[in-house]
Each structure stands twice: as C-alpha cells, then as structure tokens.
Amino acid sequence: MATPVRLWEDGFAADPHGYYELLRSQGPVGWGELAPGIPAYVVTDRRAALDLLHDSETWSHDPRPWETTIAEDSPILGMMRWRPNTLWSDGPAHIRYRRTLVDAFSLVEPHDLRERVHRAVDILVSRFGPAGHADLVSDFCRPLMALIFNNLFGLPDSESARLDDAMAQMIEGAETSAQAELEYGRYVFELIALKMTRRGDDLTSWLLDHPLRLTPEEVTWQVVLTLGAGHEPTANLVSNALSRILGNPAYYTTLTSGSRPVMDAVLEVLRYETPLANYGVHFARKALSFHGVWVRAAVPVVISYGALAYFAEKEAGGVHHPHDASHLSWSAGAHACPLKQHTLLIATEAIERLTQWLPDLDPVLPRDQLTWRPGPFHRSLTSFPVRFAPRIPDQSGDRP
Ligand code: HEM
C-alpha cells in the first residue's frame, strides 16, 4: 500500500495541487488520510469518478459499517456520521428525502430568492459599509449565508447570528465545536418546534407539509443537512469568486460596465477551485478491484472534485469556453447537488449587489498572499480583507 497522502495537513491548504499530483502518481484511485489514522481511497480521475458515481449497485452512501471502526469522539464524524437524510441514504429512502427537499426548494421562485439575497446583502453592507474596510469572509460571505438560510427556513433575522456563530465555531475550533454543535442542534430543534405550531411561507413548513409525509424528526435531519450543505460551500463559492474578481483587471474594470459577467467568475471557481474539494463519500458494498486498486468494504472512497478540476484544467491548457460546465464540481449521478440553480443565483446576485454598493472594493493583499483554511474537505479562504470608500446605505432612498 502506498504512503497515504495526508489531506488533513496544513500543507494541503497551502498547496493542494502538489497533493493532488502525489495522489495521481499512485493512479486513478490514490490512498489518502482524512484525519490522522483515518485512511480513504481518493479518486482523482474523471473516468473512475463517473464510473463510481453512476453505479449505486456497487457503491453505497451508508457509512455505518465504517463508523463502527471509528472512535466515537473522532472529529471526522462531524462530516461523515450517518444521519437519516438524503446524503447518507441509498435507494427508496434516498429518493424520498431528496424529493421533499427538491420540491420544497422549487417553491422558492427566482425573483423571490433574488430579493432575499439583496435584502441580506443590504443588511450587511449597512453594518460594515461605514467603516471603509472589511473582511469579506467573516463580515460578508459567512453571515450572508446565515441570513439567507435563516430567512428561507422561516426565522426572523434576529436569529441568524445564532446560526452564524454556531456554524463558525463548528468549523473553526475543536475546543468549542462540541458546544457549537449542541447550539446548532438547539437552533434547528426550536425552528422545527415553532413551525410545528405555526406554519409559514418557508422551507421548513413546506417540508413538514410535503405529501411524502416525513416525520418531524426526519424533517429535522433534512434541515440540519441542508443548512450545513448550503452554508459552508456557498459562502466559499462567493469568497473564492470575489477573490478572483477583485483586483483582476479582466473582471474588475468591466464589473460595473457589465461586459464581463459575474457568472464567469463563479463558473471559473467551479472549474478551478471548487469549494467542496473532496467529498462524495462512498463505500464498496463488498471488496472489489476498481481501476486497478483493491478496494476494501467499510473504508471511505472519496471523490476529489478539486483534483478533477485541477487535472481537467491542466489538460485543457487554460482553453475553454467561459460557460464550460463539463466539470464535476456539483458531483454526478443520484446524489449530485440538487440545488445548482439556486446556488448560482445566490452567488451571482450576492456579488453583484455587493459590488453595486461598493464599486471600489480593493483587496488589501495580492491574491497569492491570501491564506486557506486547513481541512480535507473544503477550499476556503481564512480571510479576505478589503478597503473601500465608506458608504452608509441606510440613508432614505439610497439604492446601490
Ligand atoms: C443553496 C446552497 C446549497 C444547498 C442547499 C445544497 C444542498 C445539497 C444537498 C442536500 C445535497 C445532497 C444531495 C443528495 O445526497 O441527494 C448536496 C450534494 C452536493 N452538493 Fe450541494 N448544496 C448547495 C450548494 C453547493 C455548492 C456551493 C457546492 C459546491 C460546488 C455543492 C456541491 C455539492 C456536491 C459535490 C454534492 C454531492 C454530494 C457529495 O459530494 O457527497 N453544493 N447539496
């Protein structure tokens, strides 16, 4: 067995491409580590990824056989523990959970989502706009997703700080993450309890009332999943795109004149620097030989969306249509991200609205001096400081 490539090391955040090259040198399916002592097969080849993602007879999403081999307090379980939700289910249970989520989100009309995004951006700009400087990760992208999802699921804005704090702590610190997970659980529990007694025009109520009749407990697990699945990668999609746009003359000089659309930058992130870098956790139902590697059952097989993007880009030599969507950053097959269109709308509207309010956003550091958060799963900026002329958007009649 090859030496495992340690995706949990700090070095991975600093130089993911070097780590992807090491994995690829082992073949289409490499041998990595997601945390110290927690090995996984890592797929870095497009053909192998597609073969796996389209074969649910061979591959399962159910991590329970693997979980029995893992210490109960292992922090990796936060991202990989079985729950009765769409992500960790196979077959009919998967279809049932996924259907309810897709149907609920389909009731959020694009014009309505656009307005919710604008409102959330306006709230944040009115907070940091007067200062003339901000960290676009902690002052904008992360609280923005908390505001948007808190609102979509049916709570007043005053509750979004709770969600934001819990999410931030779960991601940041091992010390406070158990406490933060409890707080997050309380937030969702109270949300469901409230909507059980009083329905509204919101995702939680639509999930509770769906004709497939999920129990309140099942709805709770779909909400827990969706808030996490939506918050973290979308915040990173927006911050990664902003970091490509600002200071880059190809975008920046044309941003306000409208000739180079923000969508190009968002699609560029999906092609080169996808925010969910390694996930797609699968398990062989029984041991098998797969693309030249003997894969044991109950050991995770992870799809490296980041490596797939990197090698596709290397092969294309930087030549492609700006709207090339052949990347696999939304995954593929039965578990592919069901909310691509919603996500693209949130990301583009958020960036457009922000840059309309603050057209002179100026990065404090060049892009190659920005740092990235360690961790095997995400591609996520630590911070993204910017300066701009102070703006107070709450004067009456003030519009971007
Ligand atoms: C509105 C924001 C988003 C929501 C609510 C959301 C929700 C979800 C849900 C519920 C699933 C599980 C589907 C299933 O198992 O049937 C999923 C899968 C997935 N999502 Fe999203 N998502 C969002 C944004 C994103 C973003 C920004 C990315 C990154 C490009 C992304 C990438 C993926 C991928 C790769 C999967 C496949 C699951 C896997 O790799 O294990 N999603 N998403």
# chains A, B, ... in the order shown; residues from 1 in each chain; ligands from 1
>>> residues_around(residues="segment 18-32 of chain A", least_positions_apart="5", cutoff="10 Å", atoms="only C-alpha atoms", output="MDAnalysis selection string")
chainID A and resid 1:8 11:13 37:49 290:295 301:304 306:308 310:311 376
>>> residues_around(residues="Arg391 of chain A", least_positions_apart="5", cutoff="9 Å", atoms="only C-alpha atoms", output="PyMOL selection string")
chain A and resi 125-126+128-132+357-358
>>> write_last_selection(atoms="N, CA and C atoms", output="CSV table (one decimal), in the first residue's frame")
chain,number,residue,atom,x,y,z
A,125,VAL,N,-24.1,45.3,4.3
A,125,VAL,CA,-23.3,46.5,3.9
A,125,VAL,C,-23.6,47.6,4.9
A,126,SER,N,-24.9,47.7,5.4
A,126,SER,CA,-25.1,48.8,6.3
A,126,SER,C,-24.4,48.6,7.6
A,128,PHE,N,-21.1,47.0,7.8
A,128,PHE,CA,-19.6,47.3,7.7
A,128,PHE,C,-19.3,48.4,6.7
A,129,GLY,N,-20.3,48.9,5.9
A,129,GLY,CA,-20.1,49.9,4.9
A,129,GLY,C,-19.4,51.2,5.5
A,130,PRO,N,-19.9,51.7,6.6
A,130,PRO,CA,-19.4,53.0,7.2
A,130,PRO,C,-17.9,52.9,7.6
A,131,ALA,N,-17.4,51.7,7.8
A,131,ALA,CA,-16.0,51.6,8.3
A,131,ALA,C,-15.0,51.8,7.2
A,132,GLY,N,-15.3,51.5,6.0
A,132,GLY,CA,-14.4,51.6,4.9
A,132,GLY,C,-13.4,50.5,4.7
A,357,TRP,N,-23.1,48.3,-4.4
A,357,TRP,CA,-23.0,49.2,-3.2
A,357,TRP,C,-21.6,49.8,-3.1
A,358,LEU,N,-20.6,48.9,-3.3
A,358,LEU,CA,-19.2,49.3,-3.0
A,358,LEU,C,-18.3,49.0,-4.3
>>> residues_near_ligand(ligand="ligand 1", cutoff="8 Å", atoms="only C-alpha atoms and all ligand atoms", output="PDB file with C-alpha atoms, in the first residue's frame")
ATOM      1  CA  ASN A  85     -31.028  12.281   5.483  1.00  0.00           C
ATOM      2  CA  THR A  86     -30.713  12.337   1.700  1.00  0.00           C
ATOM      3  CA  LEU A  87     -26.905  12.455   1.701  1.00  0.00           C
ATOM      4  CA  TRP A  88     -26.338   9.252   3.658  1.00  0.00           C
ATOM      5  CA  SER A  89     -29.212   7.211   2.213  1.00  0.00           C
ATOM      6  CA  HIS A  94     -32.786   8.498  -0.670  1.00  0.00           C
ATOM      7  CA  ILE A  95     -35.465   9.202  -3.274  1.00  0.00           C
ATOM      8  CA  TYR A  97     -35.737  12.546   1.239  1.00  0.00           C
ATOM      9  CA  ARG A  98     -34.330  14.083  -1.919  1.00  0.00           C
ATOM     10  CA  LEU A 101     -36.043  18.816  -0.492  1.00  0.00           C
ATOM     11  CA  GLN A 222     -33.056  17.246   6.326  1.00  0.00           C
ATOM     12  CA  LEU A 225     -28.120  18.689   6.445  1.00  0.00           C
ATOM     13  CA  THR A 226     -29.371  21.434   4.158  1.00  0.00           C
ATOM     14  CA  LEU A 227     -28.279  24.315   6.363  1.00  0.00           C
ATOM     15  CA  GLY A 228     -24.767  22.852   6.539  1.00  0.00           C
ATOM     16  CA  ALA A 229     -24.648  21.790   2.874  1.00  0.00           C
ATOM     17  CA  GLY A 230     -25.835  25.218   1.792  1.00  0.00           C
ATOM     18  CA  HIS A 231     -23.963  27.485   4.189  1.00  0.00           C
ATOM     19  CA  GLU A 232     -20.366  26.351   4.024  1.00  0.00           C
ATOM     20  CA  PRO A 233     -19.786  25.644   0.309  1.00  0.00           C
ATOM     21  CA  THR A 234     -21.841  28.604  -0.866  1.00  0.00           C
ATOM     22  CA  ALA A 235     -20.008  31.026   1.443  1.00  0.00           C
ATOM     23  CA  ASN A 236     -16.764  29.642  -0.001  1.00  0.00           C
ATOM     24  CA  LEU A 237     -18.043  29.804  -3.560  1.00  0.00           C
ATOM     25  CA  LEU A 270     -16.279  25.690 -10.059  1.00  0.00           C
ATOM     26  CA  THR A 274     -14.241  24.267  -6.266  1.00  0.00           C
ATOM     27  CA  PRO A 275     -15.275  24.996  -2.658  1.00  0.00           C
ATOM     28  CA  LEU A 276     -16.152  21.379  -1.862  1.00  0.00           C
ATOM     29  CA  ASN A 278     -13.063  16.398  -1.549  1.00  0.00           C
ATOM     30  CA  TYR A 279     -16.295  14.683  -0.619  1.00  0.00           C
ATOM     31  CA  GLY A 280     -18.667  12.292  -2.381  1.00  0.00           C
ATOM     32  CA  VAL A 281     -18.046   9.735   0.352  1.00  0.00           C
ATOM     33  CA  HIS A 282     -18.922   6.227  -0.839  1.00  0.00           C
ATOM     34  CA  ILE A 303     -14.160  11.859  -4.874  1.00  0.00           C
ATOM     35  CA  TYR A 305     -13.620  17.250  -7.045  1.00  0.00           C
ATOM     36  CA  LEU A 328     -17.894  17.619 -11.841  1.00  0.00           C
ATOM     37  CA  SER A 329     -17.947  20.152  -9.015  1.00  0.00           C
ATOM     38  CA  TRP A 330     -21.653  19.506  -8.397  1.00  0.00           C
ATOM     39  CA  SER A 331     -20.872  15.774  -8.491  1.00  0.00           C
ATOM     40  CA  ALA A 332     -22.906  13.497 -10.793  1.00  0.00           C
ATOM     41  CA  ALA A 334     -28.097  10.113  -7.964  1.00  0.00           C
ATOM     42  CA  HIS A 335     -26.557  12.305  -5.241  1.00  0.00           C
ATOM     43  CA  ALA A 336     -25.420  15.248  -7.396  1.00  0.00           C
ATOM     44  CA  CYS A 337     -26.145  18.621  -5.827  1.00  0.00           C
ATOM     45  CA  PRO A 338     -29.876  19.166  -6.249  1.00  0.00           C
ATOM     46  CA  LEU A 339     -29.628  22.946  -5.850  1.00  0.00           C
ATOM     47  CA  LYS A 340     -27.252  24.170  -8.512  1.00  0.00           C
ATOM     48  CA  HIS A 342     -30.458  28.229  -6.517  1.00  0.00           C
ATOM     49  CA  THR A 343     -26.784  28.341  -5.603  1.00  0.00           C
ATOM     50  CA  LEU A 344     -25.734  30.086  -8.802  1.00  0.00           C
ATOM     51  CA  ILE A 346     -27.455  33.302  -4.687  1.00  0.00           C
TER      52      ILE A 346
END
>>> select_by_dssp(residues="segment 197-355 of chain A", states="strand (DSSP E)", output="list in words")
Asn278, Tyr279, Gly280, Val281, His282, Phe283, Ala284, Leu288, Ser289, Phe290, Val293, Trp294, Val295, Val301, Val302, Ile303 and Ser304 of chain A
>>> write_last_selection(atoms="C-alpha atoms", output="PDB file, in the first residue's frame")
ATOM      1  CA  ASN A 278     -13.063  16.398  -1.549  1.00  0.00           C
ATOM      2  CA  TYR A 279     -16.295  14.683  -0.619  1.00  0.00           C
ATOM      3  CA  GLY A 280     -18.667  12.292  -2.381  1.00  0.00           C
ATOM      4  CA  VAL A 281     -18.046   9.735   0.352  1.00  0.00           C
ATOM      5  CA  HIS A 282     -18.922   6.227  -0.839  1.00  0.00           C
ATOM      6  CA  PHE A 283     -18.391   2.693   0.446  1.00  0.00           C
ATOM      7  CA  ALA A 284     -17.953  -0.519  -1.545  1.00  0.00           C
ATOM      8  CA  LEU A 288     -13.624  -5.290  -5.331  1.00  0.00           C
ATOM      9  CA  SER A 289     -10.970  -4.319  -7.821  1.00  0.00           C
ATOM     10  CA  PHE A 290     -11.671  -0.797  -9.134  1.00  0.00           C
ATOM     11  CA  VAL A 293      -6.927  -0.822  -6.917  1.00  0.00           C
ATOM     12  CA  TRP A 294      -8.232  -3.429  -4.485  1.00  0.00           C
ATOM     13  CA  VAL A 295     -10.915  -1.519  -2.558  1.00  0.00           C
ATOM     14  CA  VAL A 301     -13.834   6.223  -1.098  1.00  0.00           C
ATOM     15  CA  VAL A 302     -13.749   9.972  -1.605  1.00  0.00           C
ATOM     16  CA  ILE A 303     -14.160  11.859  -4.874  1.00  0.00           C
ATOM     17  CA  SER A 304     -11.602  14.626  -5.197  1.00  0.00           C
TER      18      SER A 304
END
>>> select_by_dssp(residues="segment 46-204 of chain A", states="helix (DSSP H, G or I)", output="PyMOL selection string")
chain A and resi 46-53+64-67+77-80+91-106+110-131+136-152+157-172+174-197+203-204
>>> residues_around(residues="segment 154-160 of chain A", least_positions_apart="6", cutoff="12 Å", atoms="only C-alpha atoms", output="PyMOL selection string")
chain A and resi 116+119-120+123-124+142-148+166-167+184+186-188+190-196+198-207+223+227+231
>>> write_last_selection(atoms="N, CA and C atoms", output="mmCIF file, in the first residue's frame")
data_model
loop_
_atom_site.group_PDB
_atom_site.id
_atom_site.type_symbol
_atom_site.label_atom_id
_atom_site.label_comp_id
_atom_site.auth_asym_id
_atom_site.auth_seq_id
_atom_site.Cartn_x
_atom_site.Cartn_y
_atom_site.Cartn_z
ATOM 1 N N ARG A 116 -34.508 38.162 -1.531
ATOM 2 C CA ARG A 116 -33.988 37.775 -0.205
ATOM 3 C C ARG A 116 -32.478 37.993 -0.137
ATOM 4 N N ARG A 119 -31.752 41.743 0.135
ATOM 5 C CA ARG A 119 -32.060 42.237 1.474
ATOM 6 C C ARG A 119 -30.934 41.883 2.447
ATOM 7 N N ALA A 120 -30.450 40.640 2.331
ATOM 8 C CA ALA A 120 -29.383 40.198 3.240
ATOM 9 C C ALA A 120 -28.098 40.986 2.965
ATOM 10 N N ILE A 123 -28.373 44.456 4.490
ATOM 11 C CA ILE A 123 -28.199 44.459 5.957
ATOM 12 C C ILE A 123 -26.707 44.477 6.293
ATOM 13 N N LEU A 124 -25.940 43.625 5.600
ATOM 14 C CA LEU A 124 -24.515 43.514 5.937
ATOM 15 C C LEU A 124 -23.744 44.759 5.516
ATOM 16 N N ARG A 142 -19.872 34.633 5.178
ATOM 17 C CA ARG A 142 -20.440 33.696 6.148
ATOM 18 C C ARG A 142 -21.748 34.223 6.753
ATOM 19 N N PRO A 143 -21.756 35.481 7.293
ATOM 20 C CA PRO A 143 -23.045 35.958 7.830
ATOM 21 C C PRO A 143 -24.120 36.081 6.755
ATOM 22 N N LEU A 144 -23.698 36.288 5.503
ATOM 23 C CA LEU A 144 -24.685 36.392 4.423
ATOM 24 C C LEU A 144 -25.459 35.085 4.275
ATOM 25 N N MET A 145 -24.729 33.969 4.279
ATOM 26 C CA MET A 145 -25.416 32.679 4.125
ATOM 27 C C MET A 145 -26.306 32.400 5.331
ATOM 28 N N ALA A 146 -25.837 32.804 6.528
ATOM 29 C CA ALA A 146 -26.679 32.595 7.714
ATOM 30 C C ALA A 146 -27.975 33.395 7.572
ATOM 31 N N LEU A 147 -27.862 34.650 7.135
ATOM 32 C CA LEU A 147 -29.071 35.474 6.965
ATOM 33 C C LEU A 147 -30.014 34.864 5.928
ATOM 34 N N ILE A 148 -29.444 34.435 4.800
ATOM 35 C CA ILE A 148 -30.291 33.918 3.707
ATOM 36 C C ILE A 148 -30.988 32.617 4.130
ATOM 37 N N ALA A 166 -22.766 29.488 15.594
ATOM 38 C CA ALA A 166 -22.617 28.037 15.743
ATOM 39 C C ALA A 166 -21.843 27.468 14.560
ATOM 40 N N MET A 167 -22.191 27.886 13.350
ATOM 41 C CA MET A 167 -21.509 27.390 12.148
ATOM 42 C C MET A 167 -20.019 27.744 12.203
ATOM 43 N N TYR A 184 -26.171 24.464 17.600
ATOM 44 C CA TYR A 184 -26.756 24.309 16.267
ATOM 45 C C TYR A 184 -27.983 23.380 16.355
ATOM 46 N N ARG A 186 -29.842 22.897 18.939
ATOM 47 C CA ARG A 186 -30.924 23.630 19.626
ATOM 48 C C ARG A 186 -31.632 24.573 18.662
ATOM 49 N N TYR A 187 -30.821 25.242 17.842
ATOM 50 C CA TYR A 187 -31.376 26.188 16.857
ATOM 51 C C TYR A 187 -32.378 25.453 15.941
ATOM 52 N N VAL A 188 -31.944 24.297 15.400
ATOM 53 C CA VAL A 188 -32.826 23.577 14.465
ATOM 54 C C VAL A 188 -34.036 23.017 15.209
ATOM 55 N N GLU A 190 -35.539 24.179 17.859
ATOM 56 C CA GLU A 190 -36.501 25.257 18.151
ATOM 57 C C GLU A 190 -37.227 25.705 16.876
ATOM 58 N N LEU A 191 -36.486 25.702 15.766
ATOM 59 C CA LEU A 191 -37.096 26.058 14.480
ATOM 60 C C LEU A 191 -38.235 25.086 14.150
ATOM 61 N N ILE A 192 -37.959 23.787 14.282
ATOM 62 C CA ILE A 192 -38.987 22.790 13.929
ATOM 63 C C ILE A 192 -40.171 22.917 14.896
ATOM 64 N N ALA A 193 -39.858 23.076 16.200
ATOM 65 C CA ALA A 193 -40.946 23.189 17.190
ATOM 66 C C ALA A 193 -41.840 24.378 16.852
ATOM 67 N N LEU A 194 -41.230 25.496 16.477
ATOM 68 C CA LEU A 194 -42.004 26.694 16.137
ATOM 69 C C LEU A 194 -42.893 26.436 14.922
ATOM 70 N N LYS A 195 -42.325 25.817 13.895
ATOM 71 C CA LYS A 195 -43.089 25.617 12.647
ATOM 72 C C LYS A 195 -44.142 24.521 12.796
ATOM 73 N N MET A 196 -43.943 23.631 13.760
ATOM 74 C CA MET A 196 -44.977 22.619 14.036
ATOM 75 C C MET A 196 -46.245 23.295 14.533
ATOM 76 N N ARG A 198 -46.846 26.745 14.172
ATOM 77 C CA ARG A 198 -47.258 27.858 13.300
ATOM 78 C C ARG A 198 -46.530 27.768 11.975
ATOM 79 N N ARG A 199 -47.244 27.306 10.942
ATOM 80 C CA ARG A 199 -46.635 27.212 9.611
ATOM 81 C C ARG A 199 -46.472 28.602 9.015
ATOM 82 N N GLY A 200 -45.538 28.729 8.070
ATOM 83 C CA GLY A 200 -45.357 29.995 7.363
ATOM 84 C C GLY A 200 -45.038 29.715 5.910
ATOM 85 N N ASP A 201 -44.651 30.774 5.218
ATOM 86 C CA ASP A 201 -44.270 30.651 3.819
ATOM 87 C C ASP A 201 -42.777 30.359 3.772
ATOM 88 N N ASP A 202 -42.382 29.186 4.183
ATOM 89 C CA ASP A 202 -40.945 28.932 4.313
ATOM 90 C C ASP A 202 -40.631 27.454 4.076
ATOM 91 N N LEU A 203 -39.344 27.172 3.881
ATOM 92 C CA LEU A 203 -38.911 25.806 3.547
ATOM 93 C C LEU A 203 -39.299 24.796 4.626
ATOM 94 N N THR A 204 -39.159 25.195 5.884
ATOM 95 C CA THR A 204 -39.456 24.240 6.967
ATOM 96 C C THR A 204 -40.925 23.804 6.899
ATOM 97 N N SER A 205 -41.820 24.767 6.713
ATOM 98 C CA SER A 205 -43.248 24.439 6.653
ATOM 99 C C SER A 205 -43.540 23.574 5.434
ATOM 100 N N TRP A 206 -42.890 23.871 4.302
ATOM 101 C CA TRP A 206 -43.142 23.075 3.087
ATOM 102 C C TRP A 206 -42.614 21.649 3.264
ATOM 103 N N LEU A 207 -41.526 21.507 3.984
ATOM 104 C CA LEU A 207 -41.017 20.149 4.244
ATOM 105 C C LEU A 207 -41.988 19.391 5.156
ATOM 106 N N VAL A 223 -33.228 19.362 7.525
ATOM 107 C CA VAL A 223 -32.880 20.774 7.751
ATOM 108 C C VAL A 223 -31.427 20.874 8.229
ATOM 109 N N LEU A 227 -28.921 23.085 5.874
ATOM 110 C CA LEU A 227 -28.279 24.315 6.363
ATOM 111 C C LEU A 227 -26.760 24.201 6.244
ATOM 112 N N HIS A 231 -24.719 26.379 3.595
ATOM 113 C CA HIS A 231 -23.963 27.485 4.189
ATOM 114 C C HIS A 231 -22.499 27.464 3.790
#
>>> closest_residue(among="A:His54, A:Phe153, A:Leu136, A:Ala298", to="Ile70 of chain A", atoms="only C-alpha atoms")
A:Ala298
>>> closest_residue(among="A:Leu34, A:Tyr272, A:Ser56, A:Leu242", to="Gly317 of chain A", atoms="only C-alpha atoms")
A:Tyr272
>>> residues_around(residues="His133 of chain A", least_positions_apart="4", cutoff="8 Å", atoms="only C-alpha atoms", output="ChimeraX atom specification")
/A:128-129,385-388,390
>>> atom_distance(atom1="atom CA of Lys286 of chain A", atom2="atom CA of Asp62 of chain A")
12.8 Å
>>> closest_residue(among="A:Leu208, A:Val238, A:Leu182, A:Met79", to="Arg379 of chain A", atoms="only C-alpha atoms")
A:Val238
>>> closest_residue(among="A:Ala277, A:Glu218, A:Thr68, A:Arg285", to="Phe377 of chain A", atoms="only C-alpha atoms")
A:Ala277
